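Text of input.csv (CSV, C-alpha atoms) as supplied:
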chain,number,residue,atom,x,y,z
M,9,MET,CA,20.6,103.5,-27.9
M,10,PHE,CA,17.1,105.0,-28.0
M,11,TRP,CA,14.3,103.1,-29.8
M,12,ARG,CA,10.7,104.3,-29.6
M,13,SER,CA,9.4,102.0,-32.3
M,14,ILE,CA,10.8,98.5,-33.1
M,15,MET,CA,9.0,96.9,-36.0
M,16,TYR,CA,8.7,93.2,-36.5
M,17,VAL,CA,9.4,92.0,-40.0
M,18,PRO,CA,8.5,88.4,-41.1
M,19,GLY,CA,11.8,86.7,-41.8
M,20,ASN,CA,10.7,84.6,-44.7
M,21,THR,CA,9.1,87.3,-46.9
M,22,PRO,CA,11.7,89.0,-49.2
M,23,SER,CA,9.4,91.9,-50.2
M,24,MET,CA,8.9,92.9,-46.6
M,25,ILE,CA,12.5,92.6,-45.6
M,26,GLN,CA,13.8,94.7,-48.5
M,27,SER,CA,11.5,97.6,-47.7
M,28,SER,CA,11.6,97.4,-44.0
M,29,MET,CA,14.2,100.1,-43.5
M,30,ILE,CA,12.2,102.9,-45.2
M,31,TYR,CA,9.2,103.4,-42.9
M,32,GLY,CA,10.9,105.3,-40.1
M,33,ALA,CA,11.0,102.7,-37.4
M,34,ASP,CA,13.9,103.4,-35.0
M,35,ALA,CA,14.8,99.7,-35.2
M,36,ILE,CA,13.5,96.6,-36.9
M,37,VAL,CA,13.4,93.0,-35.8
M,38,LEU,CA,13.8,90.4,-38.6
M,39,ASP,CA,11.8,87.5,-37.2
M,40,LEU,CA,12.8,83.9,-37.4
M,41,GLU,CA,10.3,82.8,-34.7
M,42,ASP,CA,6.5,83.1,-34.6
M,43,SER,CA,6.0,84.4,-38.1
M,44,VAL,CA,7.9,81.5,-39.7
M,45,GLU,CA,6.3,78.1,-40.0
M,46,GLU,CA,8.4,75.2,-38.7
M,47,SER,CA,9.1,73.7,-42.2
M,48,GLU,CA,10.5,77.1,-43.4
M,49,LYS,CA,12.9,77.9,-40.5
M,50,ASP,CA,15.9,77.0,-42.7
M,51,SER,CA,14.8,79.2,-45.6
M,52,ALA,CA,14.0,82.2,-43.3
M,53,ARG,CA,17.4,81.8,-41.6
M,54,ASN,CA,19.2,81.9,-45.0
M,55,LEU,CA,17.0,84.7,-46.3
M,56,VAL,CA,17.7,86.9,-43.2
M,57,SER,CA,21.4,86.1,-43.3
M,58,CYS,CA,21.7,87.0,-47.0
M,59,ALA,CA,19.6,90.2,-46.5
M,60,LEU,CA,21.9,91.3,-43.7
M,61,LYS,CA,24.9,90.8,-45.8
M,62,MET,CA,23.6,92.2,-49.1
M,63,LEU,CA,21.0,95.0,-48.3
M,64,ASP,CA,21.7,98.4,-46.9
M,65,PHE,CA,20.1,98.9,-43.5
M,66,SER,CA,21.9,102.1,-42.6
M,67,GLY,CA,19.6,104.5,-40.8
M,68,THR,CA,17.9,101.8,-38.7
M,69,ASP,CA,19.2,99.5,-36.1
M,70,VAL,CA,18.6,95.8,-36.9
M,71,PHE,CA,17.8,93.0,-34.5
M,72,VAL,CA,17.0,89.4,-35.4
M,73,ARG,CA,14.5,87.5,-33.3
M,74,THR,CA,15.9,84.0,-33.0
M,75,ASN,CA,13.9,81.0,-31.9
M,76,SER,CA,13.9,80.3,-28.2
M,77,VAL,CA,16.9,78.8,-26.5
M,78,ASP,CA,15.2,75.5,-25.9
M,79,SER,CA,14.5,75.1,-29.6
M,80,LYS,CA,16.8,73.2,-32.0
M,81,HIS,CA,17.0,76.4,-34.0
M,82,PHE,CA,18.6,78.8,-31.6
M,83,GLN,CA,22.3,78.0,-32.2
M,84,ARG,CA,21.8,77.9,-36.0
M,85,ASP,CA,19.9,81.2,-35.9
M,86,LEU,CA,22.6,82.9,-33.9
M,87,ARG,CA,25.4,81.6,-36.2
M,88,ALA,CA,23.6,82.7,-39.3
M,89,VAL,CA,23.5,86.3,-38.2
M,90,ALA,CA,26.6,86.8,-36.1
M,91,GLY,CA,29.2,89.0,-37.8
M,92,THR,CA,26.6,90.8,-40.0
M,93,CYS,CA,25.3,94.3,-39.5
M,94,ILE,CA,23.0,93.5,-36.7
M,95,TYR,CA,22.9,95.5,-33.5
M,96,GLY,CA,21.9,92.4,-31.6
M,97,ILE,CA,19.5,89.5,-31.3
M,98,ARG,CA,16.2,89.4,-29.5
M,99,VAL,CA,15.5,86.1,-27.8
M,100,PRO,CA,11.8,85.2,-27.1
M,101,LYS,CA,10.1,83.4,-24.3
M,102,VAL,CA,12.9,83.8,-21.7
M,103,GLN,CA,11.8,82.8,-18.2
M,104,LYS,CA,15.0,82.3,-16.1
M,105,ALA,CA,18.4,83.9,-15.5
M,106,GLN,CA,20.1,80.6,-16.5
M,107,GLU,CA,18.8,81.2,-20.1
M,108,ILE,CA,20.5,84.7,-20.1
M,109,VAL,CA,23.8,83.1,-19.0
M,110,TYR,CA,23.4,80.5,-21.8
M,111,ILE,CA,22.7,83.2,-24.4
M,112,ASP,CA,25.6,85.3,-23.3
M,113,GLN,CA,27.9,82.3,-23.4
M,114,SER,CA,26.7,81.3,-26.8
M,115,ILE,CA,27.3,84.8,-28.2
M,116,THR,CA,30.7,84.9,-26.6
M,117,GLU,CA,31.7,81.6,-28.2
M,118,ILE,CA,30.7,82.8,-31.6
M,119,GLU,CA,32.4,86.2,-31.2
M,120,ASN,CA,35.6,84.3,-30.4
M,121,GLU,CA,35.2,81.9,-33.3
M,122,LEU,CA,34.7,84.8,-35.7
M,123,SER,CA,37.3,87.0,-34.1
M,124,LEU,CA,34.7,89.7,-33.5
M,125,PRO,CA,35.3,92.4,-30.8
M,126,GLY,CA,34.1,91.0,-27.5
M,127,GLY,CA,30.7,92.3,-26.6
M,128,ILE,CA,29.8,93.6,-30.0
M,129,ILE,CA,26.7,91.5,-30.3
M,130,LYS,CA,24.0,92.7,-27.8
M,131,PHE,CA,20.8,91.1,-27.0
M,132,MET,CA,17.3,91.8,-25.8
M,133,VAL,CA,14.9,89.2,-24.4
M,134,SER,CA,11.1,89.0,-24.5
M,135,ILE,CA,9.3,88.2,-21.3
M,136,GLU,CA,6.1,86.4,-22.2
M,137,SER,CA,5.1,84.3,-19.2
M,138,ALA,CA,4.2,84.6,-15.5
M,139,LEU,CA,7.5,82.9,-14.6
M,140,GLY,CA,9.4,85.4,-16.7
M,141,VAL,CA,7.8,88.3,-15.0
M,142,ILE,CA,8.5,86.9,-11.5
M,143,ASN,CA,12.1,86.2,-12.4
M,144,ILE,CA,12.7,89.6,-14.1
M,145,LYS,CA,15.1,90.9,-11.4
M,146,GLU,CA,17.5,87.9,-11.8
M,147,ILE,CA,17.1,88.1,-15.6
M,148,CYS,CA,18.2,91.7,-15.7
M,149,GLN,CA,21.2,91.0,-13.5
M,150,ALA,CA,22.5,88.0,-15.4
M,151,SER,CA,24.4,89.7,-18.2
M,152,THR,CA,25.9,93.0,-19.0
M,153,ARG,CA,25.4,92.2,-22.6
M,154,LEU,CA,21.6,92.2,-22.1
M,155,ILE,CA,20.5,95.7,-23.1
M,156,GLY,CA,16.7,95.4,-22.6
M,157,VAL,CA,13.6,93.5,-22.0
M,158,ALA,CA,10.5,93.4,-24.2
M,159,PHE,CA,7.1,92.4,-23.1
M,160,GLY,CA,5.1,89.8,-25.1
M,161,ALA,CA,1.4,90.2,-24.1
M,162,GLU,CA,-0.2,87.5,-26.3
M,163,ASP,CA,1.8,84.7,-24.8
M,164,PHE,CA,1.6,86.2,-21.4
M,165,THR,CA,-2.2,86.4,-21.4
M,166,TYR,CA,-2.3,82.8,-22.7
M,167,ASP,CA,0.0,81.7,-19.9
M,168,MET,CA,-2.2,83.6,-17.4
M,169,GLY,CA,-5.4,82.2,-18.8
M,170,VAL,CA,-6.9,85.6,-19.2
M,171,LYS,CA,-8.4,87.5,-22.1
M,172,ARG,CA,-6.4,90.3,-23.6
M,173,THR,CA,-8.4,93.6,-23.8
M,174,LYS,CA,-7.7,96.9,-25.4
M,175,GLU,CA,-7.8,98.6,-22.0
M,176,GLY,CA,-5.0,96.3,-20.9
M,177,ASN,CA,-5.8,96.1,-17.1
M,178,GLU,CA,-4.7,92.5,-17.2
M,179,LEU,CA,-1.2,93.6,-18.2
M,180,ALA,CA,-0.7,96.4,-15.7
M,181,PHE,CA,1.3,94.5,-13.1
M,182,ALA,CA,3.6,92.8,-15.6
M,183,ARG,CA,4.2,96.0,-17.6
M,184,SER,CA,4.9,98.0,-14.5
M,185,THR,CA,7.2,95.3,-13.0
M,186,LEU,CA,9.2,94.9,-16.2
M,187,ALA,CA,9.6,98.7,-16.7
M,188,LEU,CA,10.5,99.3,-13.1
M,189,THR,CA,13.0,96.5,-12.9
M,190,ALA,CA,14.6,97.3,-16.3
M,191,ARG,CA,15.0,100.9,-15.2
M,192,ALA,CA,16.6,99.8,-11.9
M,193,TYR,CA,19.2,97.8,-13.7
M,194,GLY,CA,19.9,100.2,-16.6
M,195,LYS,CA,18.0,98.3,-19.3
M,196,ILE,CA,15.5,99.5,-21.8
M,197,ALA,CA,11.9,98.3,-21.6
M,198,ILE,CA,10.0,97.7,-24.8
M,199,ASP,CA,6.2,97.4,-24.6
M,200,CYS,CA,4.1,94.7,-26.3
M,201,VAL,CA,2.5,95.1,-29.7
M,202,PHE,CA,-0.9,96.5,-30.2
M,203,SER,CA,-2.6,94.0,-32.4
M,204,ASP,CA,-5.3,96.1,-34.0
M,205,THR,CA,-3.6,97.7,-37.0
M,206,LYS,CA,-6.6,99.8,-37.9
M,207,ASP,CA,-7.1,101.5,-34.6
M,208,PRO,CA,-4.6,104.4,-34.3
M,209,GLU,CA,-6.5,106.0,-31.5
M,210,GLY,CA,-6.4,102.7,-29.5
M,211,LEU,CA,-2.7,102.4,-30.2
M,212,ARG,CA,-2.1,106.0,-29.0
M,213,LYS,CA,-3.9,105.3,-25.8
M,214,ASP,CA,-2.0,102.1,-25.3
M,215,CYS,CA,1.3,103.9,-25.9
M,216,GLU,CA,0.3,106.5,-23.2
M,217,ILE,CA,-0.4,103.7,-20.7
M,218,ALA,CA,2.9,102.0,-21.6
M,219,ARG,CA,4.8,105.3,-21.2
M,220,SER,CA,3.2,106.0,-17.9
M,221,PHE,CA,4.6,102.7,-16.6
M,222,GLY,CA,8.1,103.7,-17.7
M,223,MET,CA,8.3,101.7,-21.0
M,224,THR,CA,10.8,103.3,-23.3
M,225,GLY,CA,9.4,102.1,-26.6
M,226,LYS,CA,7.0,99.8,-28.2
M,227,SER,CA,7.1,96.9,-30.7
M,228,VAL,CA,5.0,97.4,-33.8
M,229,ILE,CA,3.7,94.9,-36.3
M,230,HIS,CA,2.8,97.3,-39.2
M,231,PRO,CA,4.4,100.3,-40.8
M,232,GLY,CA,1.2,102.3,-40.2
M,233,GLN,CA,1.8,102.1,-36.5
M,234,ILE,CA,5.3,103.7,-36.5
M,235,GLU,CA,4.3,107.3,-36.6
M,236,VAL,CA,1.8,107.0,-33.7
M,237,VAL,CA,4.3,105.2,-31.6
M,238,ASN,CA,7.2,107.5,-32.4
M,239,LYS,CA,5.1,110.5,-31.5
M,240,SER,CA,3.7,108.9,-28.4
M,241,PHE,CA,7.2,108.1,-27.1
M,242,SER,CA,8.5,111.6,-27.9
M,243,PRO,CA,7.9,114.8,-25.9
M,244,SER,CA,5.5,117.3,-27.4
M,245,ASP,CA,6.7,120.4,-29.0
M,246,GLN,CA,5.5,122.3,-25.9
M,247,GLU,CA,7.6,120.0,-23.7
M,248,ILE,CA,10.7,120.4,-25.9
M,249,GLY,CA,10.3,124.2,-25.9
M,250,GLN,CA,9.9,124.3,-22.2
M,251,ALA,CA,13.0,122.2,-21.7
M,252,ARG,CA,15.0,124.5,-24.0
M,253,ARG,CA,13.9,127.6,-22.1
M,254,VAL,CA,14.7,126.0,-18.7
M,255,ILE,CA,18.2,125.0,-19.8
M,256,GLU,CA,18.8,128.4,-21.3
M,257,LEU,CA,17.8,130.1,-18.1
M,258,TYR,CA,19.8,127.6,-16.0
M,259,LYS,CA,23.0,128.5,-18.0
M,260,LYS,CA,22.1,132.3,-17.9
M,261,LEU,CA,21.8,132.2,-14.1
M,262,GLY,CA,25.2,130.5,-13.7
M,263,CYS,CA,24.0,126.9,-13.1
M,264,PRO,CA,22.4,127.4,-9.7
M,265,GLY,CA,21.3,124.5,-7.5
M,266,VAL,CA,17.7,125.8,-7.3
M,267,PHE,CA,16.0,128.4,-9.4
M,268,SER,CA,12.5,129.5,-10.4
M,269,PHE,CA,11.1,129.0,-13.9
M,270,GLU,CA,7.7,130.6,-14.8
M,271,GLY,CA,6.7,130.4,-11.1
M,272,ASN,CA,7.8,126.9,-10.5
M,273,MET,CA,10.8,125.7,-8.5
M,274,VAL,CA,13.4,123.8,-10.5
M,275,ASP,CA,15.8,121.8,-8.4
M,276,LEU,CA,18.1,118.9,-9.4
M,277,PRO,CA,15.6,116.1,-10.1
M,278,VAL,CA,13.3,118.5,-12.1
M,279,LEU,CA,16.3,119.9,-14.0
M,280,LYS,CA,17.4,116.3,-14.9
M,281,LYS,CA,14.0,115.6,-16.5
M,282,TYR,CA,14.3,118.8,-18.6
M,283,GLN,CA,18.0,117.9,-19.4
M,284,ARG,CA,16.9,114.5,-20.7
M,285,ILE,CA,14.4,116.0,-23.1
M,286,TYR,CA,16.9,118.7,-24.1
M,287,GLU,CA,19.7,116.2,-24.8
M,288,LEU,CA,17.4,113.9,-26.8
M,289,TYR,CA,15.3,116.5,-28.7
M,290,GLY,CA,16.2,120.1,-28.1
M,291,ARG,CA,20.0,120.4,-28.4
M,292,ASP,CA,20.1,120.9,-32.2
M,293,LYS,CA,17.6,123.7,-32.0
M,294,VAL,CA,19.5,125.6,-29.3
M,295,GLU,CA,23.1,125.4,-30.5
I,14,MET,CA,16.1,61.9,-59.8
I,15,LYS,CA,15.4,63.7,-56.5
I,16,SER,CA,15.1,67.4,-56.4
I,17,ALA,CA,14.6,70.0,-53.7
I,18,SER,CA,13.2,73.5,-53.8
I,19,CYS,CA,12.8,76.6,-51.8
I,20,GLY,CA,10.9,79.9,-52.2
I,21,ARG,CA,7.4,81.0,-53.2
I,22,THR,CA,5.6,82.1,-56.3
I,23,LYS,CA,4.8,85.5,-54.9
I,24,LYS,CA,5.8,89.0,-55.8
I,25,GLY,CA,9.4,89.7,-54.8
I,26,ASP,CA,10.2,86.1,-54.2
I,27,VAL,CA,11.5,83.2,-56.3
I,28,LEU,CA,10.9,79.5,-56.4
I,29,ILE,CA,14.2,77.6,-57.0
I,30,THR,CA,14.3,73.9,-57.7
I,31,VAL,CA,17.6,72.1,-57.8
I,32,SER,CA,18.3,68.6,-59.1
I,33,ARG,CA,21.5,66.5,-59.6
I,34,ILE,CA,22.1,65.4,-63.2
I,35,GLU,CA,24.5,62.8,-64.5
I,36,THR,CA,26.5,65.1,-66.9
I,37,GLU,CA,29.1,67.4,-65.4
I,38,GLU,CA,27.5,70.7,-66.3
I,39,VAL,CA,25.2,73.3,-64.8
I,40,VAL,CA,21.9,73.7,-66.6
I,41,ILE,CA,19.9,76.8,-65.6
I,42,ASN,CA,16.3,77.3,-66.7
I,43,ILE,CA,14.9,80.8,-65.9
I,44,LYS,CA,11.2,81.8,-65.9
I,45,SER,CA,10.8,85.3,-64.8
I,46,THR,CA,8.3,88.2,-64.9
I,47,VAL,CA,11.4,90.4,-65.7
I,48,LYS,CA,13.3,87.9,-67.8
I,49,GLU,CA,14.1,90.2,-70.6
I,50,LEU,CA,15.7,92.7,-68.2
I,51,TYR,CA,17.3,90.5,-65.6
I,52,ALA,CA,17.8,86.9,-66.9
I,53,ARG,CA,21.5,87.5,-67.3
I,54,GLU,CA,21.9,88.8,-63.8
I,55,ILE,CA,19.8,86.0,-62.3
I,56,GLU,CA,22.0,83.5,-64.1
I,57,ARG,CA,25.1,85.2,-62.9
I,58,THR,CA,23.9,85.1,-59.3
I,59,VAL,CA,23.0,81.4,-59.5
I,60,ARG,CA,26.4,80.5,-61.1
I,61,GLU,CA,28.3,82.5,-58.5
I,62,GLU,CA,26.6,80.7,-55.7
I,63,LEU,CA,27.0,77.3,-57.2
I,64,SER,CA,30.7,78.1,-57.8
I,65,ARG,CA,31.1,79.3,-54.2
I,66,ALA,CA,29.4,76.1,-52.9
I,67,GLY,CA,31.5,73.9,-55.3
I,68,LYS,CA,28.5,72.4,-57.0
I,69,THR,CA,28.6,70.9,-60.5
I,70,SER,CA,26.3,68.5,-62.3
I,71,MET,CA,23.2,70.4,-61.4
I,72,GLU,CA,20.0,71.5,-63.0
I,73,ILE,CA,18.5,74.7,-61.6
I,74,THR,CA,15.1,75.9,-62.3
I,75,VAL,CA,14.4,79.5,-61.4
I,76,ASP,CA,10.8,80.6,-61.2
I,77,ASP,CA,11.2,84.3,-60.5
I,78,TYR,CA,8.7,86.9,-59.5
I,79,GLY,CA,11.0,89.9,-59.3
I,80,ALA,CA,13.2,88.8,-56.5
I,81,LEU,CA,16.3,90.7,-55.6
I,82,ASP,CA,19.8,89.1,-55.5
I,83,PHE,CA,19.7,88.4,-51.8
I,84,ALA,CA,16.5,86.4,-52.1
I,85,ILE,CA,17.7,84.5,-55.2
I,86,LYS,CA,20.9,83.6,-53.4
I,87,ALA,CA,19.2,82.6,-50.1
I,88,ARG,CA,16.6,80.5,-51.8
I,89,LEU,CA,19.3,78.7,-53.8
I,90,ILE,CA,21.4,78.1,-50.7
I,91,THR,CA,18.4,76.6,-48.9
I,92,ALA,CA,17.4,74.4,-51.9
I,93,LEU,CA,20.9,73.0,-52.1
I,94,GLN,CA,20.9,72.3,-48.4
I,95,ARG,CA,17.6,70.5,-48.7
I,96,LEU,CA,18.9,68.4,-51.6
I,97,GLU,CA,21.9,67.5,-49.5
I,98,GLU,CA,19.6,66.4,-46.7
I,99,THR,CA,17.7,64.1,-49.1
I,100,GLY,CA,21.0,62.2,-49.5
I,101,ASP,CA,20.8,62.6,-53.3
I,102,ASP,CA,23.8,64.9,-53.4
I,103,LYS,CA,26.5,62.4,-53.1
I,104,ASN,CA,28.0,62.9,-56.6
I,105,VAL,CA,28.1,66.6,-56.2
I,106,LEU,CA,31.4,68.1,-55.4
I,107,ALA,CA,30.8,70.1,-52.2

Would you give me this structure, written as structure tokens?
Amino acid sequence: MFWRSIMYVPGNTPSMIQSSMIYGADAIVLDLEDSVEESEKDSARNLVSCALKMLDFSGTDVFVRTNSVDSKHFQRDLRAVAGTCIYGIRVPKVQKAQEIVYIDQSITEIENELSLPGGIIKFMVSIESALGVINIKEICQASTRLIGVAFGAEDFTYDMGVKRTKEGNELAFARSTLALTARAYGKIAIDCVFSDTKDPEGLRKDCEIARSFGMTGKSVIHPGQIEVVNKSFSPSDQEIGQARRVIELYKKLGCPGVFSFEGNMVDLPVLKKYQRIYELYGRDKVE
Amino acid sequence: MKSASCGRTKKGDVLITVSRIETEEVVINIKSTVKELYAREIERTVREELSRAGKTSMEITVDDYGALDFAIKARLITALQRLEETGDDKNVLA
């Protein structure tokens, strides 16, 4: 479970759905919420359901963004996609732990009805309000089925009554809080979208900020953003090479508690950082 | 005669209109940018879905813009559901 880029795909546009798996996003989110007008919720739901059953999404993990739990669509959305090839659902505008419990119970009911293995359908939630940010600790603790939290900056800044800027200072506390809390409870933290699809440098800077807060990946709204995001949330070739050399030296020295690498001390916490990079990116090149 | 439709007249999509008819038959009208190549497949997809849903006495108009099977099927399902919601689906075996 490692997603650097998670691309939103409008759920009522067949041409976008059928090509969504070819752009290199680590995961995609077929959207039944904001990109679908109210009068077309039924058609999007059926379109996404048929796509999941009839198209080949192998090579990318698929989520479906349902409508929020307080909408009349949530249960129908969930039922339309349960038992298909989805990795999980992504539920927007979550504000309280009670909603997490409700989502978990709803999924459990459907898994039982369809005789699916218990716990096979995972879920992420989007935090998009001040209340959601304040309640993030309780939200993260409310279900083991919850695998991560995503940040929704547009709704958040609307809720806060502030303007969203490219610099993103207005988002700093929320981003940091979400990433910190998610990490504390073993969840992934997915950063908000960067809305300007024609500013790759701005996107790259935004990724750096998100990564510095501890976000593990980022939502994207256009295929052209995937490469920048994947690169930004991956270590550089230099970092990968360094990790490989550290691990090789560690093994050569008989796995000592502390050792020196190119003049720098490597103890357990430092070693763990290199091991994480090595496990994710460097292993194939060493063995 | 009431009808219901779903879909869009955009590339990769299909607009499907369904109506109940008095005679017990399925009438399928296909207009497609790829009719020569795919009319038979489109008709098969439509008939399969109607059969699965147990629908007879229907006229189906397919205005296709190169939609794949999943889109044709989904648009048809939705159009049938919308027809049912209009209450004009009472004579249809469902």

Could you make a table, as CSV, of the residues of chain M that have an atom within 9 Å of an atom of chain I, each with its nearest atom pair and distance in Å to one decimal, counting all atoms listed in the file, in chain and number order?
residue,atom,partner,partner_atom,distance
M:Asn20,CA,I:Gly20,CA,8.9
M:Thr21,CA,I:Asp26,CA,7.5
M:Pro22,CA,I:Asp26,CA,6.0
M:Ser23,CA,I:Gly25,CA,5.1
M:Met24,CA,I:Gly25,CA,8.8
M:Gln26,CA,I:Leu81,CA,8.5
M:Glu48,CA,I:Cys19,CA,8.7
M:Asp50,CA,I:Thr91,CA,6.7
M:Ser51,CA,I:Thr91,CA,5.5
M:Ala52,CA,I:Ala87,CA,8.6
M:Arg53,CA,I:Ala87,CA,8.7
M:Asn54,CA,I:Ala87,CA,5.1
M:Leu55,CA,I:Ala87,CA,4.9
M:Val56,CA,I:Ala87,CA,8.3
M:Ser57,CA,I:Ala87,CA,8.0
M:Cys58,CA,I:Phe83,CA,5.4
M:Ala59,CA,I:Phe83,CA,5.6
M:Leu60,CA,I:Phe83,CA,8.9
M:Lys61,CA,I:Phe83,CA,8.3
M:Met62,CA,I:Phe83,CA,6.1
M:Leu63,CA,I:Phe83,CA,7.6

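Atom to atom, CA of Ser45 (chain I) and CA of Asp77 (chain I) stand 4.4 Å apart.
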
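Nearest to Gly19 (chain M) of all the residues M:Ser123, M:Thr74, M:Asn272, M:Thr152 is M:Thr74, counting all atoms listed in the file.
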
Any idea what's packed within 10 Å of Glu209 (chain M), counting all atoms listed in the file, ignoring anything in its chain fewer than 5 positions away? Could you give it as a list in words?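 Final neighbour list, sorted by chain and number: Asp214, Cys215 and Val236 of chain M.
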
What does the distance between CA of Glu136 (chain M) and CA of Val237 (chain M) come to in Å, to one decimal place?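 The value is 21.1 Å.
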
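With CA of Gly156 (chain M) on one side and CA of Lys195 (chain M) on the other, the separation reads 4.6 Å.
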
Using all atoms listed in the file, which residues sit within 12 Å of Val278 (chain M) once same-chain residues fewer than 4 positions away are excluded, as a PDB file with C-alpha atoms, keeping the file's coordinate frame?
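Output file result10.pdb follows:
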ATOM      1  CA  ALA M 251      13.000 122.200 -21.700  1.00  0.00           C
ATOM      2  CA  VAL M 254      14.700 126.000 -18.700  1.00  0.00           C
ATOM      3  CA  ILE M 255      18.200 125.000 -19.800  1.00  0.00           C
ATOM      4  CA  TYR M 258      19.800 127.600 -16.000  1.00  0.00           C
ATOM      5  CA  GLY M 265      21.300 124.500  -7.500  1.00  0.00           C
ATOM      6  CA  VAL M 266      17.700 125.800  -7.300  1.00  0.00           C
ATOM      7  CA  PHE M 267      16.000 128.400  -9.400  1.00  0.00           C
ATOM      8  CA  SER M 268      12.500 129.500 -10.400  1.00  0.00           C
ATOM      9  CA  PHE M 269      11.100 129.000 -13.900  1.00  0.00           C
ATOM     10  CA  ASN M 272       7.800 126.900 -10.500  1.00  0.00           C
ATOM     11  CA  MET M 273      10.800 125.700  -8.500  1.00  0.00           C
ATOM     12  CA  VAL M 274      13.400 123.800 -10.500  1.00  0.00           C
ATOM     13  CA  TYR M 282      14.300 118.800 -18.600  1.00  0.00           C
ATOM     14  CA  GLN M 283      18.000 117.900 -19.400  1.00  0.00           C
ATOM     15  CA  ARG M 284      16.900 114.500 -20.700  1.00  0.00           C
ATOM     16  CA  ILE M 285      14.400 116.000 -23.100  1.00  0.00           C
TER      17      ILE M 285
END

Using only C-alpha atoms for the distances, tell me which of M:Ile111, M:Val72, M:Val201, M:Val17 is nearest to Arg172 (chain M).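 Selected residue with least distance to Arg172 (chain M): M:Val201.
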
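Shortest separation to Ile94 (chain M) among M:Leu139, M:Ile115, M:Ala33, M:Leu38 occurs at residue M:Leu38, atoms counted being only C-alpha atoms.
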
From the options M:Ser220, M:Ser134, M:Thr116, M:Thr189, which residue's atoms come nearest to Gly160 (chain M), counting all atoms listed in the file?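 Smallest separation from Gly160 (chain M) among the options: M:Ser134.
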
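Between Glu235 (chain M) and the candidates M:Cys148, M:Leu276, M:Ile196, M:Ile14, the tightest atom-to-atom separation, counting only C-alpha atoms, involves M:Ile14.
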
Determine the nearest neighbour of Glu38 (chain I) from the options I:Val75, I:Leu93, I:Ala52, I:Leu63, counting all atoms listed in the file.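 With all atoms listed in the file as the atom set, the closest residue is I:Leu63.
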
Show which residues sit within 12 Å of Ser244 (chain M), as a ChimeraX atom specification. Count all atoms listed in the file, and ignore same-chain residues fewer than 4 positions away. /M:238-240,248-251,285-286,289-290

Neighbouring residues of Ile41 (chain I) were defined as those with any atom within 10 Å, considering all atoms listed in the file; residues of the same chain fewer than 5 positions away were excluded. Please report them as a list in words.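 Listed by chain and then number, they are Val31, Ile55, Glu56, Val59, Arg60, Met71, Glu72, Ile73, Thr74 and Val75 of chain I.
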
Within 10 Å of Gly210 (chain M), counting all atoms listed in the file, which residues qualify if same-chain residues fewer than 6 places away don't, as a list of chain:residue names?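 Contacts, with the query itself left out: M:Lys174, M:Glu175, M:Phe202, M:Ser203, M:Asp204, M:Glu216.
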